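Here is structure-v6.txt, consisting of compact mmCIF, C-alpha atoms and all ligand atoms:
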# COMPACT_ATOMS: atom_id res chain seq x y z
CA MET Z 1 0.00 0.00 0.00
CA ASP Z 2 1.33 3.48 -0.91
CA THR Z 3 0.94 6.14 1.72
CA ASN Z 4 2.04 9.73 2.12
CA THR Z 5 3.19 9.83 5.74
CA LEU Z 6 3.56 6.60 7.69
CA ILE Z 7 3.92 7.03 11.47
CA LEU Z 8 5.11 3.95 13.37
CA GLY Z 9 3.91 4.06 16.98
CA ALA Z 10 0.86 5.89 18.36
CA GLY Z 11 2.42 6.95 21.64
CA PHE Z 12 3.03 10.50 22.86
CA GLY Z 13 5.11 11.43 19.82
CA GLY Z 14 3.14 9.62 17.12
CA LEU Z 15 -0.21 10.94 18.33
CA GLU Z 16 1.04 14.52 18.60
CA LEU Z 17 2.51 14.41 15.08
CA ALA Z 18 -0.59 12.82 13.52
CA SER Z 19 -2.90 15.37 15.15
CA ARG Z 20 -0.81 18.36 14.08
CA LEU Z 21 -0.63 17.13 10.46
CA SER Z 22 -4.38 16.53 10.53
CA ASP Z 23 -5.15 19.97 11.99
CA ALA Z 24 -2.96 21.71 9.37
CA LEU Z 25 -3.72 19.61 6.28
CA GLY Z 26 -7.21 18.26 6.98
CA PRO Z 27 -8.60 15.31 5.00
CA ASP Z 28 -5.62 15.53 2.60
CA ALA Z 29 -3.07 14.85 5.35
CA GLY Z 30 -2.59 11.28 4.05
CA VAL Z 31 -1.34 9.93 7.38
CA THR Z 32 -1.33 6.25 8.29
CA LEU Z 33 -0.69 5.67 12.01
CA ILE Z 34 0.20 2.16 13.19
CA ASP Z 35 0.30 0.71 16.69
CA GLN Z 36 0.03 -2.80 18.10
CA ASN Z 37 -1.98 -1.76 21.15
CA GLU Z 38 -5.68 -1.23 21.73
CA GLY Z 39 -5.15 2.23 23.17
CA PHE Z 40 -2.75 4.79 24.63
CA VAL Z 41 -1.98 4.92 28.36
CA PHE Z 42 -0.12 7.94 29.79
CA GLY Z 43 3.12 6.99 31.59
CA PHE Z 44 1.89 8.63 34.79
CA SER Z 45 -1.29 6.53 34.73
CA LYS Z 46 0.91 3.60 35.79
CA PHE Z 47 0.82 5.10 39.29
CA GLU Z 48 -3.00 4.98 39.13
CA LEU Z 49 -2.81 1.27 38.24
CA MET Z 50 -0.09 0.44 40.75
CA PHE Z 51 -1.96 2.00 43.67
CA GLY Z 52 -5.40 0.86 42.48
CA ARG Z 53 -6.64 4.45 42.03
CA ALA Z 54 -8.08 3.58 38.59
CA THR Z 55 -8.67 0.58 36.34
CA LEU Z 56 -7.00 0.02 32.97
CA ASP Z 57 -10.33 0.71 31.31
CA GLU Z 58 -10.47 4.13 33.00
CA VAL Z 59 -6.96 5.22 31.95
CA MET Z 60 -6.90 3.83 28.40
CA HIS Z 61 -7.51 6.18 25.45
CA ARG Z 62 -8.79 3.83 22.76
CA TYR Z 63 -7.50 4.17 19.21
CA ALA Z 64 -10.89 3.04 17.91
CA GLU Z 65 -12.14 6.49 19.03
CA LEU Z 66 -9.53 8.39 16.99
CA VAL Z 67 -11.37 10.49 14.39
CA LYS Z 68 -8.79 12.93 13.05
CA PRO Z 69 -9.40 13.97 9.42
CA GLY Z 70 -6.75 12.57 7.07
CA VAL Z 71 -5.46 10.06 9.67
CA ALA Z 72 -6.08 6.30 9.27
CA PHE Z 73 -5.27 4.32 12.38
CA ARG Z 74 -4.29 0.66 11.94
CA ARG Z 75 -3.86 -1.76 14.80
CA GLU Z 76 -1.02 -3.91 13.48
CA ARG Z 77 2.29 -5.24 14.67
CA ILE Z 78 5.33 -3.93 12.81
CA LEU Z 79 7.58 -6.81 11.79
CA SER Z 80 10.27 -5.08 9.72
CA ILE Z 81 11.41 -1.61 8.64
CA ASP Z 82 13.56 -0.99 5.56
CA PRO Z 83 14.59 2.67 5.95
CA ALA Z 84 16.41 2.88 2.59
CA ALA Z 85 13.26 1.82 0.70
CA ARG Z 86 10.89 3.39 3.32
CA ARG Z 87 9.12 0.04 3.31
CA VAL Z 88 7.41 -1.37 6.40
CA VAL Z 89 5.98 -4.86 6.82
CA THR Z 90 3.35 -5.52 9.49
CA ASP Z 91 1.44 -8.67 10.40
CA ARG Z 92 -1.27 -7.55 7.91
CA GLU Z 93 0.22 -5.33 5.19
CA THR Z 94 3.29 -3.99 3.39
CA TYR Z 95 3.55 -0.18 3.22
CA GLU Z 96 5.69 2.11 1.10
CA ALA Z 97 5.80 5.69 2.33
CA GLN Z 98 6.99 9.03 1.01
CA THR Z 99 7.73 10.08 4.56
CA LEU Z 100 8.42 7.53 7.28
CA VAL Z 101 8.44 8.49 10.98
CA VAL Z 102 9.66 6.05 13.64
CA ALA Z 103 8.09 6.78 17.03
CA LEU Z 104 8.24 3.30 18.57
CA GLY Z 105 9.40 4.35 22.06
CA ALA Z 106 11.61 2.36 24.42
CA GLU Z 107 11.06 -1.19 25.66
CA TYR Z 108 12.29 -2.87 28.82
CA ASP Z 109 14.80 -5.67 29.31
CA PRO Z 110 14.21 -6.98 32.85
CA GLY Z 111 16.34 -10.07 32.11
CA ALA Z 112 19.41 -7.87 31.55
CA THR Z 113 19.82 -7.43 35.34
CA PRO Z 114 20.70 -10.79 36.92
CA GLY Z 115 18.21 -11.82 39.60
CA PHE Z 116 15.69 -9.05 38.87
CA VAL Z 117 13.01 -11.19 37.20
CA GLU Z 118 13.13 -13.71 40.07
CA GLY Z 119 13.56 -11.21 42.90
CA GLY Z 120 11.75 -8.02 41.99
CA HIS Z 121 8.77 -6.24 40.45
CA GLU Z 122 8.37 -3.32 38.05
CA PHE Z 123 5.76 -0.62 37.50
CA TYR Z 124 7.09 0.84 34.23
CA SER Z 125 4.88 -1.36 31.99
CA VAL Z 126 1.08 -1.55 32.15
CA PRO Z 127 1.04 -5.30 33.02
CA GLY Z 128 3.81 -4.71 35.58
CA ALA Z 129 1.90 -1.87 37.29
CA ILE Z 130 -1.32 -3.92 37.41
CA ALA Z 131 0.49 -6.99 38.81
CA LEU Z 132 2.27 -4.83 41.39
CA HIS Z 133 -1.04 -3.65 42.82
CA ASP Z 134 -1.84 -7.20 43.96
CA VAL Z 135 1.66 -7.52 45.41
CA LEU Z 136 1.19 -4.28 47.36
CA LEU Z 137 -2.18 -5.47 48.68
CA GLY Z 138 -0.50 -8.62 50.02
CA PHE Z 139 2.56 -6.80 51.47
CA GLU Z 140 2.54 -6.54 55.24
CA GLY Z 141 5.38 -4.06 55.67
CA GLY Z 142 9.18 -4.31 55.70
CA ALA Z 143 12.11 -2.89 53.77
CA VAL Z 144 10.96 -1.50 50.43
CA VAL Z 145 13.78 -0.72 47.99
CA ILE Z 146 13.26 1.04 44.66
CA GLY Z 147 16.24 0.74 42.34
CA VAL Z 148 17.10 2.28 38.97
CA LEU Z 149 18.81 -0.53 37.05
CA GLY Z 150 20.23 1.37 34.08
CA GLN Z 151 20.39 4.59 32.08
CA PRO Z 152 18.75 6.21 30.20
CA PHE Z 153 15.34 5.60 31.75
CA LYS Z 154 11.92 7.16 31.15
CA CYS Z 155 10.68 10.15 33.13
CA PRO Z 156 13.65 10.87 35.43
CA PRO Z 157 11.46 12.03 38.37
CA ALA Z 158 9.30 8.84 38.27
CA PRO Z 159 11.43 6.70 40.67
CA CYS Z 160 11.29 9.55 43.22
CA GLU Z 161 7.53 9.86 42.73
CA ALA Z 162 7.20 6.12 43.30
CA ALA Z 163 9.13 6.43 46.59
CA MET Z 164 6.93 9.30 47.85
CA LEU Z 165 3.68 7.61 46.80
CA LEU Z 166 4.72 4.26 48.28
CA GLU Z 167 5.58 5.91 51.59
CA GLU Z 168 2.10 7.43 51.59
CA TRP Z 169 0.51 4.05 50.71
CA LEU Z 170 2.32 2.35 53.62
CA THR Z 171 1.25 5.13 56.01
CA LYS Z 172 -2.40 4.89 54.95
CA ARG Z 173 -2.36 1.11 55.41
CA GLY Z 174 -0.86 1.35 58.89
CA GLN Z 175 2.39 -0.34 57.81
CA ARG Z 176 4.73 2.63 57.91
CA GLU Z 177 6.19 1.99 61.38
CA ARG Z 178 7.43 -1.47 60.47
CA SER Z 179 8.64 -0.35 57.02
CA SER Z 180 11.46 1.59 55.42
CA VAL Z 181 11.58 3.13 51.94
CA THR Z 182 14.94 3.45 50.13
CA LEU Z 183 15.67 4.72 46.62
CA VAL Z 184 18.91 3.47 45.02
CA HIS Z 185 19.78 5.83 42.18
CA PRO Z 186 22.63 6.16 39.65
CA TRP Z 187 22.62 9.97 39.97
CA GLY Z 188 23.86 12.00 42.92
CA THR Z 189 20.73 14.15 42.91
CA PRO Z 190 17.11 13.30 41.94
CA VAL Z 191 16.65 15.61 38.91
CA PRO Z 192 20.05 17.06 37.89
CA PRO Z 193 18.78 19.74 35.45
CA SER Z 194 16.49 21.12 38.17
CA PRO Z 195 18.47 21.98 41.34
CA ASP Z 196 15.36 23.49 42.98
CA GLY Z 197 13.24 20.46 42.09
CA SER Z 198 15.95 18.17 43.49
CA VAL Z 199 16.07 20.15 46.77
CA ALA Z 200 12.27 19.97 47.10
CA ILE Z 201 12.31 16.19 46.52
CA ARG Z 202 15.16 15.67 49.00
CA GLN Z 203 13.31 17.82 51.58
CA ARG Z 204 10.18 15.74 51.15
CA PHE Z 205 12.27 12.55 51.48
CA GLU Z 206 13.71 13.86 54.76
CA GLU Z 207 10.29 14.84 56.12
CA ARG Z 208 8.89 11.42 55.29
CA GLY Z 209 11.96 9.38 56.32
CA ILE Z 210 12.77 8.13 52.81
CA THR Z 211 16.45 7.23 52.23
CA PHE Z 212 18.12 8.38 49.00
CA LEU Z 213 21.24 6.38 48.07
CA GLY Z 214 22.65 8.37 45.12
CA ASP Z 215 25.61 7.65 42.81
CA ARG Z 216 24.97 3.89 43.11
CA THR Z 217 25.15 1.48 40.16
CA ILE Z 218 23.16 -1.70 40.78
CA THR Z 219 24.91 -4.78 39.35
CA HIS Z 220 22.48 -7.54 40.32
CA ILE Z 221 19.79 -8.74 42.69
CA ASP Z 222 20.19 -11.82 44.89
CA PRO Z 223 16.65 -13.18 45.19
CA ALA Z 224 17.63 -15.86 47.74
CA ALA Z 225 19.43 -13.51 50.11
CA LYS Z 226 17.01 -10.66 49.21
CA THR Z 227 19.80 -8.16 48.64
CA VAL Z 228 20.46 -5.49 46.04
CA HIS Z 229 24.13 -5.50 44.96
CA ILE Z 230 25.94 -2.24 44.18
CA ALA Z 231 29.09 -1.86 42.02
CA ASP Z 232 31.11 -0.60 45.04
CA GLY Z 233 30.61 -4.00 46.73
CA SER Z 234 27.94 -2.86 49.19
CA THR Z 235 24.50 -4.46 49.50
CA VAL Z 236 21.03 -3.22 50.45
CA PRO Z 237 18.64 -5.75 52.03
CA TYR Z 238 14.99 -5.74 50.95
CA ASP Z 239 11.65 -7.38 51.61
CA LEU Z 240 10.07 -5.83 48.50
CA PHE Z 241 12.18 -4.71 45.53
CA LEU Z 242 10.80 -2.49 42.75
CA GLY Z 243 13.19 -1.98 39.83
CA ILE Z 244 13.21 0.44 36.93
CA PRO Z 245 14.30 -2.04 34.21
CA ILE Z 246 17.07 -1.45 31.71
CA HIS Z 247 15.61 0.25 28.61
CA ARG Z 248 16.29 -0.54 24.94
CA VAL Z 249 14.78 0.15 21.50
CA PRO Z 250 12.25 -2.41 20.18
CA ALA Z 251 13.87 -5.36 18.35
CA VAL Z 252 12.34 -4.26 15.04
CA VAL Z 253 14.36 -1.02 15.28
CA VAL Z 254 17.60 -2.89 16.03
CA GLU Z 255 17.01 -5.12 12.99
CA SER Z 256 16.28 -2.10 10.74
CA GLY Z 257 19.83 -0.77 11.12
CA LEU Z 258 18.48 2.64 12.18
CA ALA Z 259 19.99 2.52 15.69
CA GLU Z 260 23.61 3.25 16.61
CA ASP Z 261 24.91 2.74 20.16
CA GLY Z 262 21.46 1.55 21.16
CA TRP Z 263 19.26 4.46 19.97
CA ILE Z 264 18.38 6.20 16.67
CA PRO Z 265 20.61 9.24 16.03
CA VAL Z 266 18.68 12.24 14.67
CA ASP Z 267 19.34 15.77 13.54
CA LYS Z 268 18.33 17.63 16.68
CA THR Z 269 16.64 20.45 14.77
CA ASN Z 270 14.23 18.52 12.50
CA LEU Z 271 14.53 14.88 13.73
CA ALA Z 272 15.87 13.58 10.39
CA THR Z 273 17.73 10.26 10.42
CA ARG Z 274 20.60 9.52 8.02
CA PHE Z 275 18.05 7.98 5.59
CA PRO Z 276 16.32 10.49 3.24
CA GLY Z 277 12.64 10.93 4.09
CA VAL Z 278 12.97 9.00 7.35
CA TYR Z 279 12.55 10.74 10.73
CA ALA Z 280 12.49 9.51 14.32
CA LEU Z 281 11.23 11.10 17.51
CA GLY Z 282 10.66 10.40 21.18
CA ASP Z 283 12.20 7.74 23.40
CA VAL Z 284 13.50 5.66 20.48
CA THR Z 285 16.11 8.35 19.65
CA SER Z 286 19.36 9.56 21.18
CA ALA Z 287 18.23 13.22 20.92
CA PRO Z 288 19.85 15.15 23.81
CA VAL Z 289 16.73 15.31 25.98
CA PRO Z 290 15.37 12.99 28.71
CA LYS Z 291 13.06 10.15 27.75
CA ALA Z 292 9.68 11.65 28.58
CA GLY Z 293 6.41 12.20 26.79
CA VAL Z 294 6.61 15.98 26.88
CA PHE Z 295 9.88 15.90 24.90
CA ALA Z 296 8.44 13.39 22.41
CA GLU Z 297 5.62 15.90 22.06
CA SER Z 298 7.89 18.94 21.49
CA ALA Z 299 9.91 16.90 18.96
CA ALA Z 300 6.66 16.04 17.14
CA ARG Z 301 5.75 19.73 17.16
CA ALA Z 302 9.03 20.59 15.41
CA LEU Z 303 8.76 17.76 12.87
CA ALA Z 304 5.14 18.66 12.13
CA SER Z 305 6.12 22.24 11.32
CA TYR Z 306 8.88 20.92 9.03
CA LEU Z 307 6.54 18.55 7.14
CA ILE Z 308 3.72 21.11 6.93
CA ASP Z 309 6.17 23.58 5.34
CA GLN Z 310 6.99 20.96 2.70
CA ALA Z 311 3.31 20.22 2.03
CA LYS Z 312 2.13 23.85 1.94
CA GLN Z 313 5.26 25.54 0.56
CA THR Z 314 5.39 27.76 3.65
CA ALA Z 315 8.37 28.79 5.83
CA ASP Z 316 7.09 28.34 9.38
CA PHE Z 317 9.53 25.65 10.54
CA ARG Z 318 10.29 25.87 14.27
CA PRO Z 319 13.33 23.73 15.22
CA PHE Z 320 13.11 21.28 18.13
CA ASP Z 321 13.59 23.28 21.34
CA GLY Z 322 13.81 20.36 23.79
CA SER Z 323 11.23 21.95 26.06
CA GLY Z 324 8.58 20.35 28.23
CA SER Z 325 6.88 20.69 31.61
CA CYS Z 326 7.18 17.59 33.79
CA TYR Z 327 4.76 17.08 36.68
CA VAL Z 328 6.08 15.47 39.86
CA GLU Z 329 3.72 13.79 42.36
CA PHE Z 330 4.80 14.46 45.94
CA GLY Z 331 2.01 12.54 47.68
CA GLY Z 332 -0.74 14.14 49.75
CA GLY Z 333 -2.50 15.21 46.54
CA LEU Z 334 0.33 17.69 45.80
CA VAL Z 335 2.03 18.00 42.42
CA GLY Z 336 5.12 20.06 41.52
CA ARG Z 337 6.33 21.02 38.05
CA VAL Z 338 9.72 21.23 36.34
CA ASP Z 339 9.68 23.53 33.29
CA ALA Z 340 12.56 22.00 31.39
CA ASP Z 341 14.40 23.52 28.45
CA PHE Z 342 17.21 21.40 27.06
CA LEU Z 343 18.17 22.98 23.77
CA THR Z 344 17.66 26.73 23.60
CA GLY Z 345 20.34 27.85 26.11
CA PRO Z 346 24.00 26.98 26.75
CA GLN Z 347 22.95 24.54 29.53
CA PRO Z 348 19.76 22.54 30.22
CA ARG Z 349 17.51 24.45 32.60
CA GLY Z 350 14.67 23.23 34.81
CA PRO Z 351 13.04 25.92 36.96
CA PHE Z 352 10.76 24.34 39.54
CA VAL Z 353 7.22 25.30 40.59
CA ALA Z 354 6.49 24.22 44.19
CA PRO Z 355 3.97 21.40 44.80
CA SER Z 356 0.33 22.46 45.14
CA GLU Z 357 -3.22 21.23 44.68
CA GLU Z 358 -3.57 23.70 41.82
CA LEU Z 359 -0.79 21.92 39.92
CA ALA Z 360 -2.54 18.60 40.63
CA ARG Z 361 -5.59 20.02 38.82
CA GLU Z 362 -3.38 21.31 36.02
CA LYS Z 363 -1.88 17.80 35.60
CA ALA Z 364 -5.37 16.30 35.27
CA GLY Z 365 -6.14 18.90 32.59
CA PHE Z 366 -2.94 17.95 30.75
CA ALA Z 367 -4.37 14.49 30.01
CA THR Z 368 -7.78 15.88 29.02
CA THR Z 369 -6.33 18.39 26.54
CA ARG Z 370 -4.20 15.68 24.90
CA ASP Z 371 -7.18 13.36 24.61
CA ARG Z 372 -9.15 16.10 22.87
CA ARG Z 373 -6.31 17.16 20.57
CA TRP Z 374 -5.14 13.66 19.62
CA PHE Z 375 -8.44 11.82 19.26
CA ARG Z 376 -11.25 14.29 18.37
CA ALA Z 377 -11.89 15.90 15.01
C1 LIG N 401 5.87 5.42 35.56
C2 LIG N 401 6.05 6.40 34.43
C3 LIG N 401 5.67 7.73 34.61
C4 LIG N 401 5.82 8.64 33.57
N1 LIG N 401 5.42 9.94 33.76
C5 LIG N 401 5.58 10.83 32.76
C6 LIG N 401 5.17 12.19 32.94
O1 LIG N 401 4.63 12.57 34.00
N2 LIG N 401 5.37 13.06 31.90
C7 LIG N 401 5.97 12.66 30.74
O2 LIG N 401 6.12 13.49 29.85
N3 LIG N 401 6.38 11.39 30.55
C8 LIG N 401 6.19 10.47 31.53
N4 LIG N 401 6.60 9.18 31.33
C9 LIG N 401 7.35 8.82 30.11
C10 LIG N 401 6.46 8.65 28.89
O3 LIG N 401 5.45 7.71 29.13
C11 LIG N 401 7.29 8.23 27.69
O4 LIG N 401 8.53 8.91 27.68
C12 LIG N 401 6.55 8.54 26.40
O5 LIG N 401 5.40 7.72 26.32
C13 LIG N 401 7.44 8.36 25.17
O6 LIG N 401 6.69 8.65 24.03
P1 LIG N 401 7.07 7.96 22.64
O7 LIG N 401 6.09 8.48 21.65
O8 LIG N 401 8.50 8.10 22.34
O9 LIG N 401 6.85 6.40 22.88
P2 LIG N 401 5.59 5.63 23.48
O10 LIG N 401 4.61 6.55 24.08
O11 LIG N 401 6.17 4.55 24.35
O12 LIG N 401 4.91 4.97 22.19
C14 LIG N 401 5.52 3.98 21.42
C15 LIG N 401 4.43 3.15 20.77
O13 LIG N 401 5.03 2.25 19.82
C16 LIG N 401 4.28 1.05 19.82
N5 LIG N 401 5.11 -0.04 19.31
C17 LIG N 401 6.35 -0.43 19.72
N6 LIG N 401 6.76 -1.48 18.98
C18 LIG N 401 5.79 -1.76 18.10
C19 LIG N 401 5.65 -2.74 17.05
N7 LIG N 401 6.60 -3.63 16.75
N8 LIG N 401 4.50 -2.74 16.33
C20 LIG N 401 3.51 -1.83 16.58
N9 LIG N 401 3.59 -0.88 17.56
C21 LIG N 401 4.73 -0.85 18.30
C22 LIG N 401 3.92 0.85 21.30
O14 LIG N 401 2.78 0.02 21.40
C23 LIG N 401 3.67 2.28 21.77
O15 LIG N 401 2.30 2.64 21.75
C24 LIG N 401 6.41 8.22 32.34
C25 LIG N 401 6.76 6.89 32.15
C26 LIG N 401 6.58 5.98 33.17
C27 LIG N 401 6.97 4.54 32.93

Please render this file's structure as structure tokens.
Amino acid sequence: MDTNTLILGAGFGGLELASRLSDALGPDAGVTLIDQNEGFVFGFSKFELMFGRATLDEVMHRYAELVKPGVAFRRERILSIDPAARRVVTDRETYEAQTLVVALGAEYDPGATPGFVEGGHEFYSVPGAIALHDVLLGFEGGAVVIGVLGQPFKCPPAPCEAAMLLEEWLTKRGQRERSSVTLVHPWGTPVPPSPDGSVAIRQRFEERGITFLGDRTITHIDPAAKTVHIADGSTVPYDLFLGIPIHRVPAVVVESGLAEDGWIPVDKTNLATRFPGVYALGDVTSAPVPKAGVFAESAARALASYLIDQAKQTADFRPFDGSGSCYVEFGGGLVGRVDADFLTGPQPRGPFVAPSEELAREKAGFATTRDRRWFRA
């Protein structure tokens, strides 16, 4: 099948790009959007699933409801990508595209950390977060250790959020006194580009008795001894271990030859790969921004302006600015915000807005506005 613009992956980046092309070009947009899943789930909704605050049904935005003019959604599994020919084979169809955009995100490799599959749990995937809820319901207190198992990893504040929300969960269930919460982290500070955000998180940790073990590289988990092993030879005992698994690109991207050193290199202004007519955005790339939805979204914004210029013969291209506002859940219904900017200044910047209930409402609105923009005509 011949198509104008073929977008692989209907996550944060793919949905933002498809909706912008649709809004600018209307029924003539000629976009085909492919994803293997039934619907989109925001990364932060994994906390809702993990703590049983919502069901999967309540947090899923179904692709069947996507009615953007000029966008055809196809639920298919991508089996191979030939970037030189811009040819993509799925479990149903073979596509040839004028413009090919790879937005397939990052996958997890729990087996890459010895002992983790046998001795720990994860909340970074939807099935993992759902399964963890049952584990938490059965947990009767003890040493909870959250460990970041590799870099890069999605949403840098998320492990800290997990620690604060877990501490709150244990308190509400009357298990706090017989429990401890420890975060083992490869960085010396929670959110390096945001010194103020890092101070606020560390303050909250101190208030709530959460231990931050920074600058620690986890080598393996010993499920029999129930210990987390650090590269410096030290160990941390646990009763419940939650790991942020090692991330990697999907196998289909590795096999395509698009990735180098693990991720797809792109021109940081317009997201072009080294193959003509082939672009990549979001977590699947090595663009110099953290792996988070808001940066996939700002990359999609830049690429959309580039492609719309080509289609309409205009000159409105706005290069990728690496900007995005990341919400941070502090527990107690309070949410803070880091307004990150990675590419417009000499250094990444991340001014911090203190946690408040108002920002919690703003975060809820963030999901609603995306649902409207991405799915409705
Ligand atoms: C716990 C947690 C909290 C988070 N909180 C935030 C937050 O507050 N703010 C924020 O901005 N980000 C947050 N994130 C990160 C955010 O979810 C991701 O960075 C973002 O989704 C990346 O967007 P993307 O478009 O690159 O990829 P994704 O959104 O991951 O989309 C990739 C899509 O490709 C599809 N796909 C992959 N392989 C195939 C295949 N072979 N065939 C068909 N389809 C395929 C997948 O099904 C998926 O839908 C969080 C993540 C986690 C885990």

Quick one: of Z:Val199, Z:Val184, Z:Val126, Z:Ala29, who's nearest to ligand LIG 401 (chain N), counting all atoms listed in the file?
->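 For ligand LIG 401 (chain N), the nearest of the candidates is Z:Val126.
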
List as an MDAnalysis selection string: which residues have an atom within 10 Å of (-10.8, 10.4, 11.4), counting only C-alpha atoms?
-> chainID Z and resid 22 26:27 64:73 375:377

Keeping C-alpha atoms for every residue in the selection just given, could you write it to a file as a tab-separated table (two decimals), keeping the file's coordinate frame?
chain	number	residue	atom	x	y	z
Z	22	SER	CA	-4.38	16.53	10.53
Z	26	GLY	CA	-7.21	18.26	6.98
Z	27	PRO	CA	-8.60	15.31	5.00
Z	64	ALA	CA	-10.89	3.04	17.91
Z	65	GLU	CA	-12.14	6.49	19.03
Z	66	LEU	CA	-9.53	8.39	16.99
Z	67	VAL	CA	-11.37	10.49	14.39
Z	68	LYS	CA	-8.79	12.93	13.05
Z	69	PRO	CA	-9.40	13.97	9.42
Z	70	GLY	CA	-6.75	12.57	7.07
Z	71	VAL	CA	-5.46	10.06	9.67
Z	72	ALA	CA	-6.08	6.30	9.27
Z	73	PHE	CA	-5.27	4.32	12.38
Z	375	PHE	CA	-8.44	11.82	19.26
Z	376	ARG	CA	-11.25	14.29	18.37
Z	377	ALA	CA	-11.89	15.90	15.01

Please identify all polymer residues within 9 Å of His220 of chain Z, counting all atoms listed in the file, omitting same-chain residues fewer than 5 positions from it, and present them as an MDAnalysis selection string.
-> chainID Z and resid 113:116 149 227:231

Please identify the residues whose atoms come within 7 Å of ligand LIG 401 (chain N), using all atoms listed in the file, and report them as a ChimeraX atom specification.
-> /Z:8-14,34-37,40,42-44,46-47,76-79,103-106,123-125,154-155,158,250,252,281-284,291-296,326-328

Please, what distance in Å, to one decimal, runs between atom CA of Leu166 of chain Z and atom CA of His61 of chain Z?
-> 26.0 Å

With all atoms of segment 346-363 of chain Z from the file as input, state the centre and edge lengths in Å to one decimal of the axis-aligned box that has 3 Å extra on each side, as AutoDock Vina command-line options.
--center_x 9.2 --center_y 22.4 --center_z 35.9 --size_x 35.6 --size_y 15.2 --size_z 24.4

Spatial neighbours of segment 316-324 of chain Z, 7 Å, only C-alpha atoms, chain gap at least 4 places, as a list in words |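 Listed by chain and then number, they are Lys268, Thr269, Asn270, Val289, Val294, Phe295, Ser298, Ala299, Ala302, Ser305, Tyr306, Asp309, Asp339, Ala340, Asp341, Phe342, Leu343 and Thr344 of chain Z.
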
List as a PDB file with C-alpha atoms, in the coordinates of the input: which residues have an atom within 12 Å of (24.8, 7.7, 20.8), counting all atoms listed in the file?
ATOM      1  CA  PRO Z 152      18.750   6.210  30.200  1.00  0.00           C
ATOM      2  CA  LEU Z 258      18.480   2.640  12.180  1.00  0.00           C
ATOM      3  CA  ALA Z 259      19.990   2.520  15.690  1.00  0.00           C
ATOM      4  CA  GLU Z 260      23.610   3.250  16.610  1.00  0.00           C
ATOM      5  CA  ASP Z 261      24.910   2.740  20.160  1.00  0.00           C
ATOM      6  CA  GLY Z 262      21.460   1.550  21.160  1.00  0.00           C
ATOM      7  CA  TRP Z 263      19.260   4.460  19.970  1.00  0.00           C
ATOM      8  CA  ILE Z 264      18.380   6.200  16.670  1.00  0.00           C
ATOM      9  CA  PRO Z 265      20.610   9.240  16.030  1.00  0.00           C
ATOM     10  CA  VAL Z 266      18.680  12.240  14.670  1.00  0.00           C
ATOM     11  CA  VAL Z 284      13.500   5.660  20.480  1.00  0.00           C
ATOM     12  CA  THR Z 285      16.110   8.350  19.650  1.00  0.00           C
ATOM     13  CA  SER Z 286      19.360   9.560  21.180  1.00  0.00           C
ATOM     14  CA  ALA Z 287      18.230  13.220  20.920  1.00  0.00           C
ATOM     15  CA  PRO Z 288      19.850  15.150  23.810  1.00  0.00           C
TER      16      PRO Z 288
END

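Closest approach to Arg62 of chain Z among Z:Ile244, Z:Val41, Z:Val102, Z:Leu183: Z:Val41, based on all atoms listed in the file.
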
Would you list the contacts of Leu240 of chain Z as a VMD selection string, taking every protein, DNA or RNA residue within 12 Å and counting only C-alpha atoms, but skipping same-chain residues closer than 6 positions in sequence?
-> chain Z and resid 116 118 to 122 132 135 to 136 138 to 147 166 179 to 182 221 223 226 to 228

Can you work out which one of Z:Leu170, Z:Val31, Z:Val148, Z:Val59 has the shortest atom-to-atom distance to Ile218 of chain Z, counting all atoms listed in the file?
-> Z:Val148

Quick one: pull the distance between atom CA of Pro195 of chain Z and atom CA of Ser45 of chain Z, Å, one decimal.
->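 These atoms are spaced 25.9 Å apart.
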
Surrounding residues of His133 of chain Z excluding itself and chain neighbours under 6 positions, 9 Å, all atoms listed in the file, as a PyMOL selection string | chain Z and resi 49-52

Best match for closeness to Ser80 of chain Z among Z:Glu255, Z:Asp215, Z:Glu329, Z:Glu177, counting all atoms listed in the file = Z:Glu255

Given only C-alpha atoms as the counted atoms, nearest of Z:Thr217, Z:Ser19, Z:Ser256, Z:Thr211 to Arg86 of chain Z = Z:Ser256

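The spacing separating atom CA of Thr32 of chain Z from atom CA of Trp374 of chain Z amounts to 14.1 Å.
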
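Using all atoms listed in the file, the nearest neighbour of Gly150 of chain Z within the list Z:Pro245, Z:Pro193, Z:Gly233, Z:Gly111 is Z:Pro245.
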